[in-house]
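Below is one structure, written out as C-alpha cells; comments come after it.
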Amino acid sequence: MTDHAVLGEEIAFQGAKGEWIEGFFARPLGLTSVGSVVVIHHMPGYDEATKEIAIRFARHGYAVLMPNLYFREAPGAAPDDAAAIARSKGGVPDDRLLGDVSGAQDFLLHQPNANGKSGVIGYCSGGRQSFLSGCELPFDAIVDCYGAFVVNQPPSESPMKVTAVVDRASKLTGPVLGLFGNDDSYPGPDEVNRLDEELTKLNKTHEFHRYDGAGHAFFNTASPSYRPEAAMDAWGHIFTFFGTHLGA
C-alpha cells in the first residue's frame with residue numbers, strides 16, 4: 001500500500017547548536033517500521049508547496065521532517081518574506097544548515113518505529129544542501145533536485161554567498177540520485193556533466209536523470225516552471241531509489 005493515512009504538524013526540534021527551531025513533521029499512521037526522510041525546502045522557503053511534498057512522502061510510508069531553515073531570520077513570517085530576508089544575508093550558512101539537517105535526522109531516527117535508515121532530498125538551493133549533507137552526514141540515500149552551485153561558484157551578482165561543494169564528494173556516505181532539467185541554467189547541463197564525471201571518477205554510486213523541455217523548479221506545482229511529465233517521471237525514480245535504499 002502506498003497511500004497511507006498521515007499526520008502532519010508543525011513541531012519544534014533541536015537544530016544547529018542545540019537551538020530549537022520550527023519544522024514540519026509528517027508520518028504515516030499505523031506502521032511499525034518506517035524509513036526516515038529529511039526534506040530540504042527550496043530557496044522560496046518553508047512553504048505550502050514543500051509541505052505537500054513532505055505529505056507525499058508520508059503517504060508512501062516514510063517519516064519526514066522538513067526544517068524551516070529561515071526560522072532564525074524571520075520566525076512566524078510569511079515564506080516569501082522570510083526567504084527575502086535570508087537571501088539578503090547571503091543564504092543559510094553551511095555549518096548551520098548541516099546542524100539543522102543533523103538535528104532533523106536525529107529526531108527521525110529516534111522515533112519508536114524508525115527502521116534505522118535515513119535519506120535526504122532537496123530542491124533548488126536545497127539540492128545543493130542535500131548533496132552537502134550527504135557528504136558530511138551519514139545518510140543512506142541522497143537526492144539532488146536541480147541543485148545549483150554544487151560544482152560552479154555562484155556568479156558575482158548572485159545574492160547567494162555560498163561556495164561549490166564538489167570537493168567534498170569523496171566523503172559521500174550513500175548513493176546519489178540527481179534530477180535535472182536540460183533547460184536549466186543553475187545548474188546548466190555542463191555543470192551536471194562535470195558532477196557526473198567527478199562522481200564516476202570517485203567510484204560513487206549515482207544515477208542522473210535529465211529532462212528535455214524542463215528548466216529549474218520543474219517539480220514546483222505552484223510555479224509556471226512546473227512540468228508535469230518530467231515531475232511524474234522523476235517522482236517514480238525517487239520512490240524506487242528510496243524504496244531500494246531506505247527499506248520502505
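Identifiers for the C-alpha cells are assigned positionally: chains receive A, B, ... in sequence, residues are indexed from 1 per chain, and ligands are indexed from 1 in the order shown.
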
Produce a table with one row for each residue of region 73-132 of chain A that has an atom at most 10 Å from any atom of region 163-173 of chain A, each row naming the nearest atom pair and its distance in Å at one decimal; use only C-alpha atoms; arrange rows by chain and rising residue number; format as a tab-separated table.
```
residue	atom	partner	partner_atom	distance
A:Asp94	CA	A:Thr163	CA	9.1
A:Arg128	CA	A:Val165	CA	7.9
A:Gln129	CA	A:Val165	CA	9.2
A:Phe131	CA	A:Val165	CA	8.1
A:Leu132	CA	A:Val165	CA	6.5
```

File dump, residues just selected, C-alpha atoms, as a PDB file, in the first residue's frame:
```
ATOM      1  CA  ASP A  94      26.563  25.783   5.515  1.00  0.00           C
ATOM      2  CA  ARG A 128      22.986  21.699  -3.169  1.00  0.00           C
ATOM      3  CA  GLN A 129      22.307  21.429   0.556  1.00  0.00           C
ATOM      4  CA  PHE A 131      24.375  16.944  -1.658  1.00  0.00           C
ATOM      5  CA  LEU A 132      26.419  18.727   1.001  1.00  0.00           C
TER       6      LEU A 132
END
```

Can you check which residues of region 120-226 of chain A DSSP gives as strand (DSSP E) on the backbone and send them as a ChimeraX atom specification?
/A:120-123,141-145,176-181,206-211

For the selection just defined, write its residues with N, CA and C atoms to a file, as a JSON list (two decimals), in the first residue's frame.
```json
[["chain", "number", "residue", "atom", "x", "y", "z"],
["A", 120, "VAL", "N", 17.97, 11.96, 2.45],
["A", 120, "VAL", "CA", 17.80, 13.41, 2.39],
["A", 120, "VAL", "C", 17.51, 13.80, 0.95],
["A", 121, "ILE", "N", 16.61, 14.76, 0.77],
["A", 121, "ILE", "CA", 16.26, 15.26, -0.55],
["A", 121, "ILE", "C", 16.09, 16.77, -0.46],
["A", 122, "GLY", "N", 16.54, 17.46, -1.49],
["A", 122, "GLY", "CA", 16.39, 18.91, -1.50],
["A", 122, "GLY", "C", 16.15, 19.42, -2.91],
["A", 123, "TYR", "N", 15.53, 20.57, -2.98],
["A", 123, "TYR", "CA", 15.11, 21.19, -4.23],
["A", 123, "TYR", "C", 15.74, 22.57, -4.36],
["A", 141, "ALA", "N", 20.82, 7.50, 1.55],
["A", 141, "ALA", "CA", 20.39, 7.85, 0.20],
["A", 141, "ALA", "C", 20.30, 9.37, 0.11],
["A", 142, "ILE", "N", 20.78, 9.93, -1.00],
["A", 142, "ILE", "CA", 20.83, 11.38, -1.18],
["A", 142, "ILE", "C", 20.20, 11.72, -2.52],
["A", 143, "VAL", "N", 19.25, 12.66, -2.52],
["A", 143, "VAL", "CA", 18.61, 13.09, -3.77],
["A", 143, "VAL", "C", 18.84, 14.58, -3.97],
["A", 144, "ASP", "N", 19.40, 14.92, -5.11],
["A", 144, "ASP", "CA", 19.67, 16.30, -5.51],
["A", 144, "ASP", "C", 18.73, 16.67, -6.64],
["A", 145, "CYS", "N", 17.76, 17.52, -6.35],
["A", 145, "CYS", "CA", 16.84, 18.01, -7.37],
["A", 145, "CYS", "C", 17.31, 19.39, -7.85],
["A", 176, "VAL", "N", 23.70, 8.54, -4.76],
["A", 176, "VAL", "CA", 23.11, 9.83, -5.13],
["A", 176, "VAL", "C", 22.18, 9.64, -6.32],
["A", 177, "LEU", "N", 21.00, 10.23, -6.21],
["A", 177, "LEU", "CA", 20.07, 10.36, -7.34],
["A", 177, "LEU", "C", 20.01, 11.83, -7.71],
["A", 178, "GLY", "N", 20.29, 12.14, -8.97],
["A", 178, "GLY", "CA", 20.23, 13.52, -9.43],
["A", 178, "GLY", "C", 19.15, 13.69, -10.49],
["A", 179, "LEU", "N", 18.34, 14.75, -10.35],
["A", 179, "LEU", "CA", 17.22, 15.02, -11.25],
["A", 179, "LEU", "C", 17.35, 16.45, -11.76],
["A", 180, "PHE", "N", 17.46, 16.61, -13.09],
["A", 180, "PHE", "CA", 17.83, 17.90, -13.66],
["A", 180, "PHE", "C", 17.02, 18.20, -14.92],
["A", 181, "GLY", "N", 16.77, 19.49, -15.14],
["A", 181, "GLY", "CA", 16.15, 19.95, -16.38],
["A", 181, "GLY", "C", 17.20, 20.41, -17.36],
["A", 206, "HIS", "N", 25.82, 6.49, -8.31],
["A", 206, "HIS", "CA", 24.89, 7.59, -8.61],
["A", 206, "HIS", "C", 24.13, 7.29, -9.90],
["A", 207, "GLU", "N", 22.98, 7.91, -10.00],
["A", 207, "GLU", "CA", 22.21, 7.87, -11.24],
["A", 207, "GLU", "C", 21.61, 9.24, -11.47],
["A", 208, "PHE", "N", 21.74, 9.73, -12.69],
["A", 208, "PHE", "CA", 21.21, 11.04, -13.05],
["A", 208, "PHE", "C", 20.13, 10.86, -14.12],
["A", 209, "HIS", "N", 19.07, 11.65, -13.99],
["A", 209, "HIS", "CA", 18.01, 11.69, -14.99],
["A", 209, "HIS", "C", 17.81, 13.14, -15.41],
["A", 210, "ARG", "N", 17.76, 13.37, -16.71],
["A", 210, "ARG", "CA", 17.69, 14.73, -17.24],
["A", 210, "ARG", "C", 16.49, 14.83, -18.17],
["A", 211, "TYR", "N", 15.87, 16.00, -18.17],
["A", 211, "TYR", "CA", 14.60, 16.15, -18.87],
["A", 211, "TYR", "C", 14.64, 17.30, -19.86]]
```

Rounded to one decimal in Å, what is the spacing between CA of Pro112 (chain A) and CA of Leu65 (chain A)?
15.0 Å

Can you list, as a list in words, every protein, DNA or RNA residue that comes within 8 Å of Leu108 (chain A) when you count only C-alpha atoms, leaving out same-chain residues fewer than 5 positions away?
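The residues satisfying every condition are Ser36, Val37, Ala63, Val64, Leu65 and Ala114 of chain A.
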
Can those selected residues be exported to a file as a short mmCIF file (atom, residue, chain, number, x, y, z; two decimals), in the first residue's frame so that it contains C-alpha atoms?
```
data_model
loop_
_atom_site.label_atom_id
_atom_site.label_comp_id
_atom_site.auth_asym_id
_atom_site.auth_seq_id
_atom_site.Cartn_x
_atom_site.Cartn_y
_atom_site.Cartn_z
CA SER A 36 13.23 8.44 7.52
CA VAL A 37 13.49 11.33 5.06
CA ALA A 63 8.52 9.58 8.34
CA VAL A 64 9.53 13.06 7.19
CA LEU A 65 10.86 16.20 8.82
CA ALA A 114 12.24 4.17 12.75
#
```

Using only C-alpha atoms, can you tell me which of A:Pro44, A:Gly103, A:Pro187, A:Gly23 comes closest to Glu10 (chain A)?
A:Gly23

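With only C-alpha atoms as the atoms that count, the minimum distance from Glu136 (chain A) to the choices A:Gly247, A:Gly174, A:Pro28, A:Gly18 is reached by A:Gly174.
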
As a compact mmCIF listing (two decimals) with C-alpha atoms, in the first residue's frame, please: the residues near Gln153 (chain A) (cut-off 9 Å, only C-alpha atoms, same-chain neighbours under 2 positions excluded).
```txt
# COMPACT_ATOMS: atom_id res chain seq x y z
CA ALA A 148 22.91 24.86 -8.25
CA PHE A 149 26.46 25.69 -7.17
CA VAL A 150 27.48 22.13 -6.39
CA VAL A 151 30.26 22.36 -8.99
CA PRO A 155 28.12 34.44 -10.26
CA SER A 156 29.33 37.64 -8.63
CA VAL A 162 27.92 30.07 -0.90
CA THR A 163 30.74 28.00 -2.32
CA ALA A 164 30.88 24.95 -4.55
```

Neighbours of Leu69 (chain A) within 8 Å (only C-alpha atoms; same-chain residues fewer than 6 positions away dropped), as a list of chain:residue names?
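In the requested format, the answer is A:His41, A:Gly45, A:Tyr46, A:Val92, A:Leu97, A:Asp100.
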
Restrict the selected residues to all heavy atoms and save them as an mmCIF file, in the first residue's frame.
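out_24.cif was written with the following content:
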```cif
data_model
loop_
_atom_site.group_PDB
_atom_site.id
_atom_site.type_symbol
_atom_site.label_atom_id
_atom_site.label_comp_id
_atom_site.auth_asym_id
_atom_site.auth_seq_id
_atom_site.Cartn_x
_atom_site.Cartn_y
_atom_site.Cartn_z
ATOM 1 N N HIS A 41 13.814 22.376 1.980
ATOM 2 C CA HIS A 41 12.964 23.198 1.113
ATOM 3 C C HIS A 41 13.790 24.006 0.114
ATOM 4 O O HIS A 41 14.999 24.186 0.259
ATOM 5 C CB HIS A 41 12.049 24.100 1.946
ATOM 6 C CG HIS A 41 12.742 25.076 2.839
ATOM 7 N ND1 HIS A 41 13.488 26.135 2.376
ATOM 8 C CD2 HIS A 41 12.790 25.174 4.203
ATOM 9 C CE1 HIS A 41 13.943 26.847 3.398
ATOM 10 N NE2 HIS A 41 13.546 26.270 4.520
ATOM 11 N N GLY A 45 11.486 28.987 0.217
ATOM 12 C CA GLY A 45 11.240 28.837 1.642
ATOM 13 C C GLY A 45 10.356 27.690 2.068
ATOM 14 O O GLY A 45 9.995 26.798 1.298
ATOM 15 N N TYR A 46 10.001 27.790 3.315
ATOM 16 C CA TYR A 46 9.231 26.787 4.056
ATOM 17 C C TYR A 46 7.761 27.042 3.751
ATOM 18 O O TYR A 46 7.040 27.656 4.511
ATOM 19 C CB TYR A 46 9.573 27.007 5.524
ATOM 20 C CG TYR A 46 8.927 26.135 6.569
ATOM 21 C CD1 TYR A 46 9.394 24.858 6.825
ATOM 22 C CD2 TYR A 46 7.898 26.638 7.372
ATOM 23 C CE1 TYR A 46 8.843 24.091 7.840
ATOM 24 C CE2 TYR A 46 7.338 25.874 8.376
ATOM 25 C CZ TYR A 46 7.814 24.604 8.605
ATOM 26 O OH TYR A 46 7.270 23.853 9.618
ATOM 27 N N VAL A 92 21.626 30.591 3.773
ATOM 28 C CA VAL A 92 21.846 29.890 5.041
ATOM 29 C C VAL A 92 23.302 29.437 5.118
ATOM 30 O O VAL A 92 23.793 28.769 4.206
ATOM 31 C CB VAL A 92 20.913 28.668 5.144
ATOM 32 C CG1 VAL A 92 21.188 27.874 6.404
ATOM 33 C CG2 VAL A 92 19.448 29.102 5.084
ATOM 34 N N LEU A 97 23.281 24.963 8.377
ATOM 35 C CA LEU A 97 22.457 24.029 7.599
ATOM 36 C C LEU A 97 22.736 22.599 8.020
ATOM 37 O O LEU A 97 21.815 21.808 8.280
ATOM 38 C CB LEU A 97 22.739 24.241 6.109
ATOM 39 C CG LEU A 97 22.134 23.304 5.056
ATOM 40 C CD1 LEU A 97 22.884 22.012 4.864
ATOM 41 C CD2 LEU A 97 20.647 23.039 5.294
ATOM 42 N N ASP A 100 21.221 21.851 11.377
ATOM 43 C CA ASP A 100 19.767 21.685 11.341
ATOM 44 C C ASP A 100 19.369 20.355 10.710
ATOM 45 O O ASP A 100 18.454 19.663 11.181
ATOM 46 C CB ASP A 100 19.126 22.841 10.566
ATOM 47 C CG ASP A 100 19.158 24.156 11.331
ATOM 48 O OD1 ASP A 100 19.518 24.156 12.532
ATOM 49 O OD2 ASP A 100 18.833 25.201 10.723
#
```
